[in-house]
Structure formats: C-alpha cells, structure tokens
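J.: Input: one structure, supplied below.
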There are 2 protein chains.
Amino acid sequence: MNTATGSNGHELLCARAYLSAVAEPPAPALHGFIAGCGAETAAERIRRGDVPTAVADETDARRAHVCGAELLDRAHRLGIRLVTPEDPDWPDHRTATMEGATEVGLSGLVAPIALWCRGTGSPAAVLRGAVAVVGTRAASGYGEACAAELGHELARSGVTVVSGAAYGIDGAAHRGALAADGTTSAVLACGPEIDYPAGHARLIARIAENGLVCSEYPPGTPPRKHRFLVRNRLIAAMSDGTVVVEAGIRSGASNTAATADTLGRPVMALPGPVTSVSSAGCHELIRSGKAVLVTGTEDVLEAVAELGSVPATGREVPRRRTDGLDGASKRVHDSLRPRAYRTVEQLAHETGIPWKTVLSCLSALEMSGLASCADRGWTRCGQ
Amino acid sequence: MNTATGSNGHELLCARAYLSAVAEPPAPALHGFIAGCGAETAAERIRRGDVPTAVADETDARRAHVCGAELLDRAHRLGIRLVTPEDPDWPDHRTATMEGATEVGLSGLVAPIALWCRGTGSPAAVLRGAVAVVGTRAASGYGEACAAELGHELARSGVTVVSGAAYGIDGAAHRGALAADGTTSAVLACGPEIDYPAGHARLIARIAENGLVCSEYPPGTPPRKHRFLVRNRLIAAMSDGTVVVEAGIRSGASNTAATADTLGRPVMALPGPVTSVSSAGCHELIRSGKAVLVTGTEDVLEAVAELGSVPATGREVPRRRTDGLDGASKRVHDSLRPRAYRTVEQLAHETGIPWKTVLSCLSALEMSGLASCADRGWTRCGQ
C-alpha cells in the first residue's frame, strides 16, 4: 500500500486515518492541533480526551467510535490508498495555499488531513497542472457540449480536468477529458469507494483507472448536502483555476468559484444565452467581477498561464486589405465604385478632402491594388 | 419651419446649413473655428477662403459648391428640419460631453454642427433619457429576439431607444420600442430623407412619425462606409449608455461602445452562446473589461441609473427555508431523513457535532418546522 513513510509508517498512517475520520471536515481546531504536536501524538491525545476545548468540540462525538487501523484495512480491501502529508505523493503545491489561507483565519479553507484515493494515480503528479471544470447538474445540451469540449481540449493540452463527478456539467467535463485520452480527477463528497451518483458508477471507475478519484472522507462516509460545499473547496484548491460552465443563481459552482478566488486562483465563467436559467449564475459571476468571461480553452489557458503554467497561444484578429490605410485613403476608397468612373474633383467634393490629398491617396490605393486608373477616371479594386 | 432663432434666424440657419455641408464630419478644425467666431462669420470667411490652413483643408473641396439656403429649401420640401445649437430643441445635455471630449483633444468625438431631423420630434425632448441598443446586421434569431425584448422593455420604462436603423439588431430594437408604443430614434449615416437600408423604408417612416430620425449629414448625402463609423459616435453620444446585443469581433458596434466609454457613458454587452460568432464581439468587450455584462432590461436600467436616470428595480434572490440556519443546524438537518428515525447519538456521530450541540440544533429545527420528534427519534420536515 503505502511505502514511503519510513519505519513507523504504519502507526503514522493509522493516526492519519483516525484523524481524518474523527472530525467532520473542515476541522480547523483539529488541523491546528495536528500541526502543533504531530499526527501520532494528536491521535493519542484525542483518544484520551486530553485536548483543548475547541478540538474536543470537533472530535468528542466520534473519538471513541473510530479506529484508524480498521479504516485502513477496509480501504485496502476496497483498493483505496491513504495519501498523507508525509507521503511524497501528497499534492504539497496545492495544500500550501490552503495552509496560508487557514493561517490568516479563513477556517473554511483548511487543508485536508489526508486524501483517500481510488486508483493508482499519484495526487501530486495528477494535480500538477489542473483546471477545475464545474457547473450545474441541471445542465442544458449547450452546457454539456461546452463542458465536454472544454474537458477534451484541456486534456489534449496536457492539463488535468478536475471536477466532482456529478450529473450535468461535471460528468460532461470528465467524459470530454477521457475521450481525449487525457487525465481527469474526481473529488468526491463521500467515501471514495461510493459511486455517487449511482448512474455515474462506470464513469467514476474509468476516472479512477485513468486518473484519480479522491476524497478527504474515509470509506463508508455517505454523501450529505453540506459535504458537497466542503468538498467544493478541495476542487478549487486542487486546480490552477476554476471554470464555471453553467450554474444557477445560487449554486455549488458559485461556491467553488468563491473559494478559488479566496485562494488567489483565476475564476472563469462561460456565458450562455441570457434566456437560459442554467447560465444565470455564470452571468452573475461575470457581472459582479467575481469571474472573468471565457469562451473556450484558449481563454482558459490564457488565464491560467498568468500563474506560470501552460503558455497561451496567440490569438488571430481578422485582417482586411484596407487595414493599413490612413483615414483619408479609406474615405477615398469608400467613394470609389467598381464599375463607375470618378474624377479627382468628384472624389474631392464627395469626400470633402482637398483634391491634392485625394490625388496622393489615389496613387497609394493604386499601388496597393485597391484602385485603378483609366482614361475616364478612377474605379475601385479589391474589398 | 424653425421659429425659435430670433430675428436674423434665417441667416443663422443658412450659415449652419452651409457649415454642416461644407466639411465631412467630424471636422474638428471647423468646429473650433465656429466656436471662435460664430456660425455666420465662419460661413462667410470659409466662402471667401479667409481661414486658417486646418480649416481650409477641411472645407476647400466643397466651399464653392455648397449653398445653405438651397439645402434648407430642399430639406423643407422633404419635411426635414434643421436643428442647430442655437435652437431650444438642441440636445445640449448630449453635446456638452462631446465638447468636453474635443477640448481634451479627442477630435473623433467632435459635436455635430447641426442636426437634420425628419419628423416632428424635438431632439432635446426625445433624447432626454435614452439608451442605445446596437449590434450586428448579421444577427441570429436569438440576438434579434433579445434586441426586440430590450427595445420593448426599455420603451415601456419610458426610455428612448436609440439605434442606427440597420438590418439585424438595430431594426429589432427599434421595432421592439415601437411595439410598446414607446419612443425610438434612428441616427442615420446619410441624409435623413434617405431610406437606408431600402428594406427598412417603412420602419424608418414609423420611427420618424413616433420619435425622431436624424443625421448630421445634409439631405442628399449618400451612405458611405466611413460615415457609419462617424455616425456611431453620435449614437453613443445621444444616449445615457450603449448596449451591444450581438457583434462580431471587429464591428461598428464595438466602435460605438468605445465612443460611449470615452464619453464616460456605461457600455454594456449581452452575452450569448460561445458557439455563436454573432456574440464573439460582445464576449470580447466583456472579457477585456470594456463592457459590463447585462442579461436584460433590469441590468441596463441599473447601469444607467448610476448616472442619475431611472431608479433601478430591486432584485430578488431565491430563498430557502434553511437559509437562516447556522452551519451546525444545517449539518444536523442534512443528516435527518423524512421517513427514518435518528437518535441524538446517531446524529452526533454522523455529523461529528457534540451531542449537546446536536440537541440544541434539533430544538431550533423543530421550532422552525424543519425537524420533528417522536418516541423513536427525530425525522426531517420541510425542504
């Protein structure tokens, strides 16, 4: 199972397993307590009831009912591995920001105590360059198509697509990444062995095979409403940026976006028809300045690249043959006709430009192949 | 015709008519020259060729070919009235900002020398509270529906809908306003008697009947490409704010939006599907921070109200019965089931919350009608 935690690795793992189950995340007091005395001591003292009140409040309800070794056995049987902060596979670069946020008092952003992982993927490796693609379960066909396209293109660019395995946008994003033979990761709001939603059992299995299914909840934890909100902070924290594809006005996706913003990660939202309720949350995020508008993968990579990730691709602006012309030459060109001859005097009167200037404009236009001169006058070419 | 310009009114009108035709707008040097010596003197000196070089450059090509009195006669026969800055119907509150912009060197924003008006509407009155609704001629069905809806709702709110009478978004916005029996104004890029585009002849006639069709171009001026760009600055200047409904990446609408921004007026853009090229310009305006995203009339009125116009209507956020609950009570509520009994101890273990806290949460939930207590335990009610 876990091989990189030294001689007393199993005790430490048992302690982390116990700690990850003894309190309902996020448990800021417990987190601080572990940071102070180490995981093994923390676990022992909690078992004895020898802890500060704040830690007791978070742990008393479960401290006598949880056993780390049993949890590890159960996980092992389910093909689940516990990755702890002491493990080289721990996504340090992701949790470091959360530690920072906790230190300044943002207790809702407390880092996970450990990650229960289904599949063989290393969280550190899978989450190296990652973008969260999230949104409503009640997605429209448009939203699902956009999420799938985004998932596909991001994965093709070598970016891991992180989402929550839910119906709608989440599922479409994961599927898009899988279709590109890319890496995708699902962060669950329940034990990682639980297929939630049940209809996504096959999808979740495919994500575990090709990427990573993980959770801060130990095996056996059922999904509950508040756990989705708590989980959402992890989706944001595990990614370089979060894209909301479709969301209602009050939604979990907006909540993920808010966390990403607090962590200093780009928050992006995809617009849609104003007539679609599924896009209302995205529009609100953009309107309020909480998210930047993105129209596709190029925009997303550009936003994320500012953090030092993938370089953004150059953007092409359509060019016209008349683009290099000065204002007077453009006006003269406008007044020329392809099949009617104009004299310099006519053009001067029509455009209001002095005839000498008209003449120099005409020779410039002729050299660019935009005007042509004949005995009876000037005609337009091109454009 | 014009009654409010005093005893020498006709001379002044003739001078303004001449000046409005002698240079191709915008003519910043001419504008400054008129401001310095008055319209009548300016007209005389231009006719004689007694002007600074910059003014000569703008006026020489036409100064001998234009006659103000003839233009006024022609306009009169066409049912067109010349409104000048000396007229009480002049939209002072609109042009004042343009004068300011010209003073700081933004020559492209120079105010019109006069307005040729079709219909009986007073520019000052019609343009008192106005919003420009603009966009691409190559509009989608979605874009036209949004423009019509916006035009309709703005007009119903007593706001004049300003646009350019073009096919696509412009036409839909005008039509929406007319359908609401509201006021709408078309600013043309040609003489105001010209039905351009020809297919909108009936629409333009209806706009003139119910609102105002105006132009800074004298009768007989044909539409030319550059005149649309020049005209666009007037659409922006004559409105409290500009909404771009649909636009391609390079478009006249973006140009109108840029002018509105320079004049310190709100620029707004309506999003659409990212798969639609007709919305690409809107998305780019929002992305680059040049426009705020609006989803409908309420958003538009809110943006415009910041300038002291119509007060914005209150926005309703959907409420849930559990909204007032603290985090612990929400977690307890999540763990309750409608048709399964739970003991306090079970709930404490499941939620990780101390049982004493669980108990006080349960009584609060019971009082709110969200939990119910029976002999065998607690069940969920509501939500």
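By convention here, the chains of the structure tokens are called A, B, ... in the order presented, each chain's residues are numbered starting at 1, and ligands are numbered starting at 1 in the order presented.
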Need the shell around Ala148 in chain B: protein/DNA/RNA residues with any atom at most 6 Å away, counting only C-alpha atoms. Skip same-chain ones fewer than 6 positions apart. Format as a PyMOL selection string?

T.: chain B and resi 172-173+176

J.: Got a sec to tell me which of range 244-365 of chain B DSSP assigns to helix (DSSP H, G or I), as a ChimeraX atom specification?

T.: /B:252-262,277-287,297-305,327-335,344-351,355-365

J.: Smallest atom-to-atom distance to chain A: which of B:Val277, B:Cys214, B:Ala186, B:Val110, using only C-alpha atoms?

T.: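 That would be B:Val277, the residue with the smallest distance to chain A.
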
J.: Looking at only C-alpha atoms, which of B:Asp323, B:Glu58, B:Glu40, B:Asp375 is the one that sits closest to chain A?

T.: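 Answer, going by the shortest atom-to-atom distance: B:Glu58.
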
J.: Identify every residue of chain A that has at least one atom within 8 Å of any atom of chain B, counting only C-alpha atoms, and report the result as a ChimeraX atom specification.

T.: /A:22-24,57-62,142,224-226,249-250,270-274,283,286-287,292-296,317-318,330-331,334-335,348-349,351-355

J.: What is the CA of Arg337 in chain B to CA of Ala253 in chain A distance in Å?

T.: 25.3 Å

J.: Could you please determine the separation between CA of Ser239 in chain B and CA of Ala35 in chain B in Å, to one decimal place?

T.: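 Value for the CA of Ser239 in chain B-CA of Ala35 in chain B distance: 23.8 Å.
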
J.: Quick check, in Å to one decimal: how far apart do CA of Ala147 in chain B and CA of Ala179 in chain B lie?

T.: 12.5 Å

J.: Using only C-alpha atoms for the distances, tell me which of B:Arg16, B:Arg206, B:Arg175, B:Arg265 is nearest to Glu153 in chain B.

T.: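 Looking only at the distances to Glu153 in chain B, the closest residue turns out to be B:Arg175.
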
J.: Contacts of Ile113 in chain B at 12 Å or less, counting only C-alpha atoms, minus same-chain residues fewer than 4 places along, as a count of residues only?

T.: 40

J.: Could you tell me which of B:Pro52, B:Gly36, B:Pro192, B:Gly182 comes closest to Val159 in chain B if we count only C-alpha atoms?

T.: B:Gly182

J.: Extract the full set of strand (DSSP E) residues from range 92-171 of chain B according to DSSP on the backbone, and format it as a short mmCIF file (atom, residue, chain, number, x, y, z; two decimals) with N, CA, C and O atoms, in the first residue's frame.

T.:
```
data_model
loop_
_atom_site.label_atom_id
_atom_site.label_comp_id
_atom_site.auth_asym_id
_atom_site.auth_seq_id
_atom_site.Cartn_x
_atom_site.Cartn_y
_atom_site.Cartn_z
N LEU B 115 -28.19 69.29 -36.63
CA LEU B 115 -28.85 68.00 -36.84
C LEU B 115 -30.01 68.19 -37.81
O LEU B 115 -30.89 69.04 -37.60
N TRP B 116 -30.00 67.42 -38.89
CA TRP B 116 -31.11 67.41 -39.85
C TRP B 116 -32.11 66.37 -39.35
O TRP B 116 -31.77 65.20 -39.22
N CYS B 117 -33.33 66.84 -39.08
CA CYS B 117 -34.30 65.97 -38.41
C CYS B 117 -35.55 65.71 -39.25
O CYS B 117 -36.20 66.65 -39.71
N ARG B 118 -35.87 64.43 -39.40
CA ARG B 118 -37.10 64.03 -40.10
C ARG B 118 -38.12 63.72 -39.01
O ARG B 118 -37.81 63.05 -38.03
N ALA B 130 -32.23 58.21 -22.70
CA ALA B 130 -32.11 57.36 -23.88
C ALA B 130 -31.03 56.31 -23.70
O ALA B 130 -30.01 56.56 -23.06
N VAL B 131 -31.27 55.15 -24.27
CA VAL B 131 -30.26 54.09 -24.26
C VAL B 131 -30.08 53.60 -25.69
O VAL B 131 -31.06 53.39 -26.41
N ALA B 132 -28.82 53.48 -26.10
CA ALA B 132 -28.53 52.97 -27.44
C ALA B 132 -28.49 51.45 -27.40
O ALA B 132 -27.87 50.85 -26.52
N VAL B 133 -29.20 50.82 -28.35
CA VAL B 133 -29.18 49.36 -28.48
C VAL B 133 -28.65 49.07 -29.88
O VAL B 133 -29.29 49.42 -30.87
N VAL B 134 -27.46 48.53 -29.95
CA VAL B 134 -26.81 48.37 -31.24
C VAL B 134 -26.28 46.96 -31.43
O VAL B 134 -26.20 46.18 -30.47
N THR B 160 -36.01 56.26 -24.23
CA THR B 160 -35.95 56.27 -25.69
C THR B 160 -34.88 55.30 -26.17
O THR B 160 -33.77 55.27 -25.62
N VAL B 161 -35.22 54.50 -27.16
CA VAL B 161 -34.28 53.51 -27.71
C VAL B 161 -33.61 54.12 -28.94
O VAL B 161 -34.27 54.42 -29.93
N VAL B 162 -32.31 54.34 -28.86
CA VAL B 162 -31.55 54.94 -29.97
C VAL B 162 -30.81 53.83 -30.71
O VAL B 162 -30.21 52.96 -30.09
N SER B 163 -30.88 53.88 -32.05
CA SER B 163 -30.11 52.91 -32.82
C SER B 163 -29.88 53.45 -34.22
O SER B 163 -30.14 54.64 -34.48
#
```

J.: Kindly indicate which residue among A:His174, A:Arg380, A:Arg156, A:Arg77 lies nearest to Glu144 in chain A, using only C-alpha atoms for the distances.

T.: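 Using only C-alpha atoms, the shortest distance to Glu144 in chain A belongs to A:His174.
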
J.: Between A:Ala205, A:Ala198, A:Leu150, A:Cys190, which is the closest to Thr242 in chain A once you count only C-alpha atoms?

T.: A:Leu150

J.: List the spatial neighbours of Ser372 in chain A as a short mmCIF file (atom, residue, chain, number, x, y, z; two decimals) with all heavy atoms, in the first residue's frame - criterion: any atom at most 10 Å away, only C-alpha atoms, same-chain residues fewer than 2 positions off excluded.

T.:
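Final output, saved to selection.cif:
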```cif
data_model
loop_
_atom_site.label_atom_id
_atom_site.label_comp_id
_atom_site.auth_asym_id
_atom_site.auth_seq_id
_atom_site.Cartn_x
_atom_site.Cartn_y
_atom_site.Cartn_z
N LEU A 336 -15.00 55.37 -54.12
CA LEU A 336 -14.78 54.74 -55.43
C LEU A 336 -15.81 53.65 -55.64
O LEU A 336 -16.33 53.08 -54.68
CB LEU A 336 -13.37 54.13 -55.49
CG LEU A 336 -12.19 55.11 -55.56
CD1 LEU A 336 -10.88 54.38 -55.35
CD2 LEU A 336 -12.19 55.84 -56.92
N PRO A 338 -16.70 50.03 -58.12
CA PRO A 338 -16.03 49.07 -59.01
C PRO A 338 -16.35 49.30 -60.49
O PRO A 338 -15.51 49.07 -61.34
CB PRO A 338 -16.58 47.71 -58.55
CG PRO A 338 -17.17 47.96 -57.21
CD PRO A 338 -17.61 49.37 -57.17
N TYR A 341 -16.80 55.31 -63.14
CA TYR A 341 -15.59 56.12 -63.12
C TYR A 341 -15.81 57.41 -62.33
O TYR A 341 -16.85 58.04 -62.46
CB TYR A 341 -15.14 56.43 -64.55
CG TYR A 341 -14.73 55.17 -65.28
CD1 TYR A 341 -15.64 54.51 -66.09
CD2 TYR A 341 -13.46 54.64 -65.11
CE1 TYR A 341 -15.29 53.34 -66.74
CE2 TYR A 341 -13.10 53.47 -65.75
CZ TYR A 341 -14.01 52.82 -66.56
OH TYR A 341 -13.66 51.66 -67.19
N LEU A 362 -5.10 58.38 -54.00
CA LEU A 362 -5.37 57.52 -55.15
C LEU A 362 -4.11 56.78 -55.60
O LEU A 362 -4.18 55.59 -55.93
CB LEU A 362 -5.95 58.34 -56.31
CG LEU A 362 -7.42 58.75 -56.15
CD1 LEU A 362 -7.82 59.77 -57.20
CD2 LEU A 362 -8.33 57.51 -56.23
N SER A 363 -2.97 57.47 -55.59
CA SER A 363 -1.77 56.75 -56.05
C SER A 363 -1.37 55.69 -55.03
O SER A 363 -0.93 54.60 -55.41
CB SER A 363 -0.62 57.71 -56.37
OG SER A 363 -0.54 58.72 -55.41
N LEU A 365 -3.52 54.06 -53.13
CA LEU A 365 -4.51 52.98 -53.33
C LEU A 365 -4.16 52.16 -54.56
O LEU A 365 -4.29 50.92 -54.56
CB LEU A 365 -5.93 53.56 -53.47
CG LEU A 365 -6.55 54.15 -52.21
CD1 LEU A 365 -7.82 54.92 -52.53
CD2 LEU A 365 -6.84 53.03 -51.19
N GLU A 366 -3.70 52.83 -55.62
CA GLU A 366 -3.35 52.13 -56.86
C GLU A 366 -2.18 51.18 -56.60
O GLU A 366 -2.18 50.03 -57.04
CB GLU A 366 -2.99 53.14 -57.94
CG GLU A 366 -2.90 52.49 -59.32
CD GLU A 366 -2.60 53.52 -60.42
OE1 GLU A 366 -2.04 54.59 -60.10
OE2 GLU A 366 -2.95 53.25 -61.59
N MET A 367 -1.21 51.66 -55.83
CA MET A 367 -0.04 50.82 -55.53
C MET A 367 -0.41 49.60 -54.69
O MET A 367 0.20 48.55 -54.78
CB MET A 367 1.04 51.65 -54.83
CG MET A 367 1.88 52.43 -55.84
SD MET A 367 3.01 53.60 -55.06
CE MET A 367 3.85 52.55 -53.88
N SER A 368 -1.44 49.76 -53.84
CA SER A 368 -1.90 48.63 -53.03
C SER A 368 -2.88 47.74 -53.80
O SER A 368 -3.44 46.80 -53.24
CB SER A 368 -2.61 49.13 -51.76
OG SER A 368 -1.88 50.16 -51.15
N GLY A 369 -3.16 48.09 -55.05
CA GLY A 369 -4.10 47.31 -55.84
C GLY A 369 -5.55 47.53 -55.44
O GLY A 369 -6.42 46.71 -55.71
N LEU A 370 -5.83 48.65 -54.76
CA LEU A 370 -7.20 48.91 -54.29
C LEU A 370 -7.93 49.91 -55.18
O LEU A 370 -9.13 50.14 -55.00
CB LEU A 370 -7.16 49.42 -52.83
CG LEU A 370 -6.74 48.37 -51.80
CD1 LEU A 370 -6.37 49.03 -50.47
CD2 LEU A 370 -7.85 47.36 -51.59
N ALA A 374 -8.14 54.79 -65.26
CA ALA A 374 -8.35 54.67 -66.70
C ALA A 374 -8.53 56.07 -67.27
O ALA A 374 -8.56 57.05 -66.52
CB ALA A 374 -9.58 53.81 -66.98
N GLY A 377 -11.46 57.94 -65.66
CA GLY A 377 -11.45 58.20 -64.22
C GLY A 377 -10.98 57.01 -63.41
O GLY A 377 -10.38 56.08 -63.95
N TRP A 378 -11.33 57.05 -62.13
CA TRP A 378 -10.85 56.03 -61.20
C TRP A 378 -11.95 55.04 -60.82
O TRP A 378 -13.11 55.42 -60.68
CB TRP A 378 -10.34 56.70 -59.91
CG TRP A 378 -9.06 57.47 -60.14
CD1 TRP A 378 -8.95 58.74 -60.62
CD2 TRP A 378 -7.74 57.00 -59.87
NE1 TRP A 378 -7.62 59.10 -60.68
CE2 TRP A 378 -6.86 58.06 -60.22
CE3 TRP A 378 -7.19 55.81 -59.39
CZ2 TRP A 378 -5.48 57.94 -60.09
CZ3 TRP A 378 -5.81 55.70 -59.25
CH2 TRP A 378 -4.96 56.75 -59.61
N THR A 379 -11.57 53.76 -60.63
CA THR A 379 -12.51 52.75 -60.15
C THR A 379 -11.90 52.00 -58.95
O THR A 379 -10.70 52.07 -58.72
CB THR A 379 -12.84 51.70 -61.23
OG1 THR A 379 -11.61 51.18 -61.73
CG2 THR A 379 -13.65 52.30 -62.36
N ARG A 380 -12.76 51.31 -58.24
CA ARG A 380 -12.31 50.57 -57.07
C ARG A 380 -11.88 49.15 -57.43
O ARG A 380 -12.51 48.50 -58.26
CB ARG A 380 -13.46 50.48 -56.05
CG ARG A 380 -13.08 49.76 -54.76
CD ARG A 380 -14.32 49.35 -53.99
NE ARG A 380 -14.88 50.50 -53.27
CZ ARG A 380 -15.65 50.36 -52.19
NH1 ARG A 380 -15.94 49.15 -51.71
NH2 ARG A 380 -16.15 51.42 -51.61
N CYS A 381 -10.84 48.64 -56.81
CA CYS A 381 -10.49 47.22 -56.91
C CYS A 381 -10.43 46.66 -55.50
O CYS A 381 -10.27 47.40 -54.53
CB CYS A 381 -9.12 47.00 -57.55
SG CYS A 381 -8.77 48.04 -58.94
#
```
